[in-house]
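K.L.:
Input structure: start.tsv, which contains TSV, C-alpha atoms.
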chain	number	residue	atom	x	y	z
A	1	MET	CA	-14.41	24.38	-65.44
A	2	GLN	CA	-11.90	25.12	-68.17
A	3	VAL	CA	-8.82	23.12	-69.24
A	4	VAL	CA	-5.56	25.06	-68.76
A	5	ASN	CA	-1.90	24.35	-69.38
A	6	ARG	CA	-0.13	26.66	-66.91
A	7	PHE	CA	1.40	24.23	-64.43
A	8	GLU	CA	4.33	21.80	-64.43
A	9	LEU	CA	6.05	19.78	-61.73
A	10	GLU	CA	9.79	19.57	-61.18
A	11	ALA	CA	11.54	16.46	-62.46
A	12	HIS	CA	13.28	14.22	-59.93
A	13	ALA	CA	16.59	12.43	-60.49
A	14	GLY	CA	18.04	9.27	-59.04
A	15	PRO	CA	16.25	6.10	-58.00
A	16	TYR	CA	12.49	6.36	-57.65
A	17	GLU	CA	12.64	5.16	-54.05
A	18	SER	CA	14.65	8.26	-53.08
A	19	TRP	CA	12.20	10.80	-54.51
A	20	PRO	CA	10.24	13.02	-52.09
A	21	ARG	CA	6.44	12.53	-51.98
A	22	ASP	CA	5.85	16.03	-53.37
A	23	SER	CA	7.26	18.18	-56.15
A	24	ARG	CA	7.95	21.85	-56.62
A	25	LEU	CA	5.39	23.62	-58.79
A	26	ARG	CA	6.13	25.73	-61.86
A	27	VAL	CA	3.50	28.26	-62.99
A	28	ASP	CA	3.83	29.70	-66.49
A	29	GLY	CA	7.44	28.47	-66.54
A	30	ARG	CA	8.40	30.07	-63.18
A	31	VAL	CA	9.22	28.04	-60.09
A	32	VAL	CA	7.01	29.08	-57.18
A	33	ASP	CA	7.41	28.33	-53.47
A	34	VAL	CA	4.72	25.65	-53.50
A	35	ARG	CA	5.07	21.87	-53.30
A	36	VAL	CA	2.25	19.56	-54.32
A	37	PRO	CA	1.89	15.79	-53.97
A	38	GLY	CA	2.93	13.71	-56.96
A	39	TYR	CA	5.35	13.69	-59.88
A	40	VAL	CA	3.07	14.03	-62.92
A	41	ILE	CA	0.20	16.41	-63.65
A	42	ASP	CA	-2.57	14.34	-65.23
A	43	ALA	CA	-5.07	17.20	-65.58
A	44	GLN	CA	-5.35	20.89	-64.80
A	45	TYR	CA	-8.46	23.06	-64.81
A	46	ARG	CA	-9.45	26.60	-64.01
A	47	VAL	CA	-12.40	26.67	-61.59
A	48	GLY	CA	-13.56	30.27	-61.31
A	49	ASP	CA	-10.52	32.17	-60.02
A	50	GLU	CA	-8.85	28.99	-58.70
A	51	TYR	CA	-7.03	26.05	-60.27
A	52	LEU	CA	-7.55	22.33	-59.82
A	53	LEU	CA	-4.59	19.99	-60.41
A	54	VAL	CA	-4.88	16.22	-60.68
A	55	THR	CA	-1.49	14.66	-60.06
A	56	SER	CA	-0.13	11.11	-59.80
A	57	PHE	CA	2.98	9.39	-58.53
A	58	ASP	CA	4.02	7.61	-61.76
A	59	CYS	CA	4.49	4.38	-59.85
A	60	PRO	CA	4.14	1.12	-61.80
A	61	TYR	CA	2.78	-0.95	-58.92
A	62	GLU	CA	0.76	1.40	-56.66
A	63	GLU	CA	-0.81	4.32	-58.51
A	64	ALA	CA	-2.74	7.07	-56.69
A	65	SER	CA	-4.27	10.41	-57.64
A	66	ALA	CA	-3.91	13.62	-55.69
A	67	PHE	CA	-6.27	16.55	-56.18
A	68	VAL	CA	-5.02	20.03	-55.30
A	69	LEU	CA	-6.97	23.28	-55.41
A	70	LEU	CA	-4.82	26.41	-55.73
A	71	ASP	CA	-5.85	30.03	-55.46
A	72	ALA	CA	-4.78	32.66	-58.03
A	73	SER	CA	-1.51	33.14	-56.08
A	74	SER	CA	-0.81	29.37	-56.23
A	75	ARG	CA	-1.48	28.87	-52.51
A	76	MET	CA	-3.02	25.51	-51.64
A	77	ARG	CA	-6.69	25.84	-50.63
A	78	ALA	CA	-7.72	22.20	-50.53
A	79	ARG	CA	-6.37	18.73	-51.28
A	80	ARG	CA	-7.57	15.11	-51.44
A	81	THR	CA	-5.94	11.82	-52.34
A	82	LEU	CA	-7.44	8.74	-53.94
A	83	GLY	CA	-5.44	5.57	-53.47
A	84	ALA	CA	-4.93	2.46	-51.40
A	85	ALA	CA	-2.03	0.14	-50.70
A	86	THR	CA	-1.51	-2.39	-53.52
A	87	ALA	CA	-4.38	-0.87	-55.52
A	88	SER	CA	-4.07	1.02	-58.79
A	89	TYR	CA	-5.85	4.31	-59.34
A	90	LEU	CA	-4.37	5.14	-62.72
A	91	LEU	CA	-6.47	7.90	-64.29
A	92	ALA	CA	-7.80	6.81	-67.70
A	93	ASP	CA	-10.11	9.76	-68.52
A	94	HIS	CA	-11.50	12.97	-67.04
A	95	TRP	CA	-13.99	15.65	-68.12
A	96	PRO	CA	-15.84	18.64	-66.69
A	97	ILE	CA	-19.41	17.87	-65.68
A	98	ASP	CA	-20.30	21.42	-64.66
A	99	ALA	CA	-18.53	24.58	-63.47
A	100	ALA	CA	-17.35	22.93	-60.24
A	101	THR	CA	-17.46	19.16	-60.87
A	102	LEU	CA	-15.04	16.84	-62.64
A	103	GLY	CA	-15.81	13.31	-63.88
A	104	LEU	CA	-13.01	10.78	-63.33
A	105	HIS	CA	-12.58	7.31	-64.85
A	106	TYR	CA	-9.96	4.97	-63.52
A	107	HIS	CA	-9.94	1.33	-64.63
A	108	GLY	CA	-12.83	-0.83	-65.80
A	109	ASP	CA	-15.96	0.44	-64.11
A	110	LEU	CA	-14.33	2.62	-61.45
A	111	PHE	CA	-15.79	6.14	-61.71
A	112	PHE	CA	-15.79	9.13	-59.37
A	113	THR	CA	-16.89	12.74	-59.33
A	114	LEU	CA	-14.79	15.45	-57.71
A	115	HIS	CA	-16.69	18.56	-56.67
A	116	VAL	CA	-15.13	21.86	-55.59
A	117	ALA	CA	-17.39	22.92	-52.75
A	118	PRO	CA	-17.48	25.78	-50.22
A	119	SER	CA	-15.72	24.91	-46.97
A	120	ARG	CA	-17.46	24.20	-43.73
A	121	ARG	CA	-17.46	27.06	-41.24
A	122	TRP	CA	-14.84	25.52	-38.94
A	123	SER	CA	-12.28	24.83	-41.67
A	124	TRP	CA	-9.30	27.13	-42.30
A	125	LEU	CA	-9.52	26.24	-45.99
A	126	ARG	CA	-11.80	28.32	-48.18
A	127	ARG	CA	-12.89	25.29	-50.19
A	128	ARG	CA	-13.08	21.55	-49.95
A	129	LEU	CA	-12.87	18.79	-52.51
A	130	VAL	CA	-15.71	16.26	-52.33
A	131	LEU	CA	-14.88	12.91	-53.94
A	132	ARG	CA	-17.76	10.48	-54.58
A	133	ALA	CA	-17.81	7.05	-56.15
A	134	CYS	CA	-20.31	6.56	-58.99
A	135	PRO	CA	-21.71	3.03	-58.70
A	136	GLY	CA	-24.54	3.94	-61.13
A	137	TRP	CA	-22.09	4.91	-63.88
A	138	ARG	CA	-24.08	2.96	-66.50
A	139	ASP	CA	-26.80	5.63	-66.27
A	140	ASP	CA	-24.36	8.32	-67.45
A	141	PRO	CA	-23.66	8.36	-71.22
A	142	ARG	CA	-20.25	10.02	-70.80
A	143	MET	CA	-19.14	7.38	-68.29
A	144	ARG	CA	-20.36	4.55	-70.54
A	145	GLU	CA	-18.39	6.05	-73.46
A	146	ALA	CA	-15.25	6.34	-71.31
A	147	GLN	CA	-15.56	2.70	-70.23
A	148	GLN	CA	-16.06	1.53	-73.83
A	149	ARG	CA	-13.11	3.61	-75.05
A	150	LEU	CA	-10.79	2.17	-72.38
A	151	ALA	CA	-11.99	-1.38	-73.06
A	152	ALA	CA	-11.23	-0.89	-76.80
A	153	GLN	CA	-7.75	0.50	-76.03
A	154	LEU	CA	-6.96	-2.45	-73.76
A	155	ALA	CA	-8.23	-4.93	-76.38
A	156	SER	CA	-6.00	-3.28	-79.00
A	157	ILE	CA	-2.98	-3.56	-76.70
A	158	ARG	CA	-3.75	-7.24	-76.00
A	159	THR	CA	-4.02	-7.93	-79.74
A	160	ALA	CA	-0.70	-6.18	-80.43
A	161	LEU	CA	1.03	-8.14	-77.65
A	162	ASP	CA	-0.40	-11.43	-78.94
A	163	GLN	CA	0.87	-10.67	-82.46
A	164	GLY	CA	4.29	-9.42	-81.40
Mind turning the file's structure into structure tokens?
P.N.:
Amino acid sequence: MQVVNRFELEAHAGPYESWPRDSRLRVDGRVVDVRVPGYVIDAQYRVGDEYLLVTSFDCPYEEASAFVLLDASSRMRARRTLGAATASYLLADHWPIDAATLGLHYHGDLFFTLHVAPSRRWSWLRRRLVLRACPGWRDDPRMREAQQRLAAQLASIRTALDQG
């Protein structure tokens, strides 16, 4: 898995409530005939000859992540969403674990892995995205570091707010 910077999403105008749930995709500066969920790209990776986008909805009260796998022609091959009503899934950190797996840290001790896997025989998609919670995150040094880093950032913000 390799970090890339090829993709952008269209900007929306007007009140947030009027925005569509998906956005037109730009690849290398060109608009393509593909719409993906979300308004912000939080991460983008090359996975073999495909691309994984992690997008969000930039919503201050109900944040969710969408995961989209695109082929080399920018056609959607798989997608997943992580979110729940009145819950926040604001992505704090992410990192490749191996060639097909991404580590994800949301808030506090909320960790997931996202694995790009072969599809099941009956699926029309070539691939599937397998999202798994990581309740044993304390056993993973990278996840512990991410949690400590976020806790330090939040403490710094609290201190600045208290002083200002």
K.L.:
Around (8.9, 3.5, -50.6) in the file's frame, which residues reach within 12 Å when counting only C-alpha atoms? Return as number ranges by chain?
P.N.:
A: 15-21, 57, 59, 61-62, 85
K.L.:
Counting all atoms listed in the file, which residues of region 55-86 of chain A fall within 8 Å of region 36-43 of chain A, and what is the closest atom pair for each with its distance in Å at one decimal, ordered by chain and rising number, as a tab-separated table?
P.N.:
residue	atom	partner	partner_atom	distance
A:Thr55	CA	A:Ile41	CA	4.3
A:Ser56	CA	A:Gly38	CA	4.9
A:Phe57	CA	A:Gly38	CA	4.6
A:Asp58	CA	A:Tyr39	CA	6.5
A:Ser65	CA	A:Gly38	CA	7.9
A:Ala66	CA	A:Pro37	CA	6.4
A:Val68	CA	A:Val36	CA	7.4
K.L.:
What is the distance between CA of Cys134 (chain A) and CA of His94 (chain A), in Å to one decimal?
P.N.:
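Taking CA of Cys134 (chain A) and CA of His94 (chain A), their separation equals 13.5 Å.
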K.L.:
Given the point (-0.5, 22.3, -74.2) in the coordinates of this file, which residues lie within 12 Å, counting only C-alpha atoms, and how would they look as an mmCIF file with C-alpha atoms, in the frame of the given file?
P.N.:
data_model
loop_
_atom_site.group_PDB
_atom_site.id
_atom_site.type_symbol
_atom_site.label_atom_id
_atom_site.label_comp_id
_atom_site.auth_asym_id
_atom_site.auth_seq_id
_atom_site.Cartn_x
_atom_site.Cartn_y
_atom_site.Cartn_z
ATOM 1 C CA VAL A 3 -8.820 23.120 -69.240
ATOM 2 C CA VAL A 4 -5.560 25.060 -68.760
ATOM 3 C CA ASN A 5 -1.900 24.350 -69.380
ATOM 4 C CA ARG A 6 -0.130 26.660 -66.910
ATOM 5 C CA PHE A 7 1.400 24.230 -64.430
ATOM 6 C CA GLU A 8 4.330 21.800 -64.430
ATOM 7 C CA ASP A 28 3.830 29.700 -66.490
ATOM 8 C CA ALA A 43 -5.070 17.200 -65.580
ATOM 9 C CA GLN A 44 -5.350 20.890 -64.800
#
K.L.:
Would you mind listing what lies within 12 Å of Ala117 (chain A) as a PDB file with C-alpha atoms, in the frame of the given file, with all atoms listed in the file counted and same-chain residues fewer than 3 positions away left out?
P.N.:
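Written output follows (part.pdb):
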ATOM      1  CA  VAL A  47     -12.400  26.670 -61.590  1.00  0.00           C
ATOM      2  CA  GLY A  48     -13.560  30.270 -61.310  1.00  0.00           C
ATOM      3  CA  LEU A  69      -6.970  23.280 -55.410  1.00  0.00           C
ATOM      4  CA  ARG A  77      -6.690  25.840 -50.630  1.00  0.00           C
ATOM      5  CA  ALA A  78      -7.720  22.200 -50.530  1.00  0.00           C
ATOM      6  CA  ARG A  79      -6.370  18.730 -51.280  1.00  0.00           C
ATOM      7  CA  ALA A  99     -18.530  24.580 -63.470  1.00  0.00           C
ATOM      8  CA  ALA A 100     -17.350  22.930 -60.240  1.00  0.00           C
ATOM      9  CA  THR A 101     -17.460  19.160 -60.870  1.00  0.00           C
ATOM     10  CA  LEU A 102     -15.040  16.840 -62.640  1.00  0.00           C
ATOM     11  CA  LEU A 114     -14.790  15.450 -57.710  1.00  0.00           C
ATOM     12  CA  ARG A 120     -17.460  24.200 -43.730  1.00  0.00           C
ATOM     13  CA  LEU A 125      -9.520  26.240 -45.990  1.00  0.00           C
ATOM     14  CA  ARG A 126     -11.800  28.320 -48.180  1.00  0.00           C
ATOM     15  CA  ARG A 127     -12.890  25.290 -50.190  1.00  0.00           C
ATOM     16  CA  ARG A 128     -13.080  21.550 -49.950  1.00  0.00           C
ATOM     17  CA  LEU A 129     -12.870  18.790 -52.510  1.00  0.00           C
ATOM     18  CA  VAL A 130     -15.710  16.260 -52.330  1.00  0.00           C
ATOM     19  CA  LEU A 131     -14.880  12.910 -53.940  1.00  0.00           C
TER      20      LEU A 131
END
K.L.:
Between A:Asp162, A:Asp140, A:Glu145, A:Asp33, which has the minimum distance to Ile97 (chain A) (counting only C-alpha atoms)?
P.N.:
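Using only C-alpha atoms, the shortest distance to Ile97 (chain A) belongs to A:Asp140.
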K.L.:
For CA of Val116 (chain A) and CA of Asp93 (chain A), determine how far apart the two atoms are, in Å to one decimal place.
P.N.:
18.4 Å
K.L.:
Choose the residue, out of A:Gln147, A:Gly164, A:Ala11, A:Gly136, that has the smallest atom-to-atom separation from Asp109 (chain A); count only C-alpha atoms.
P.N.:
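Using only C-alpha atoms, Asp109 (chain A) sits closest to A:Gln147.
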K.L.:
My list of candidates is A:Asp49, A:Asp71, A:Glu63, A:Asp139. Which is closest to Gln2 (chain A) when distances are computed with only C-alpha atoms?
P.N.:
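Smallest distance to Gln2 (chain A) is found for A:Asp49.
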K.L.:
At what distance in Å, to one decimal, does CA of Leu52 (chain A) lie from CA of Ala84 (chain A)?
P.N.:
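Straight-line distance from CA of Ala84 (chain A) to CA of Leu52 (chain A) works out to 21.7 Å.
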K.L.:
Could the centre and edge lengths of an axis-aligned box, enclosing all atoms of region 88-99 of chain A in the file with 5 Å extra on each side, be given in Å to one decimal as AutoDock Vina command-line options?
P.N.:
--center_x -12.2 --center_y 12.8 --center_z -63.7 --size_x 26.2 --size_y 33.6 --size_z 19.7
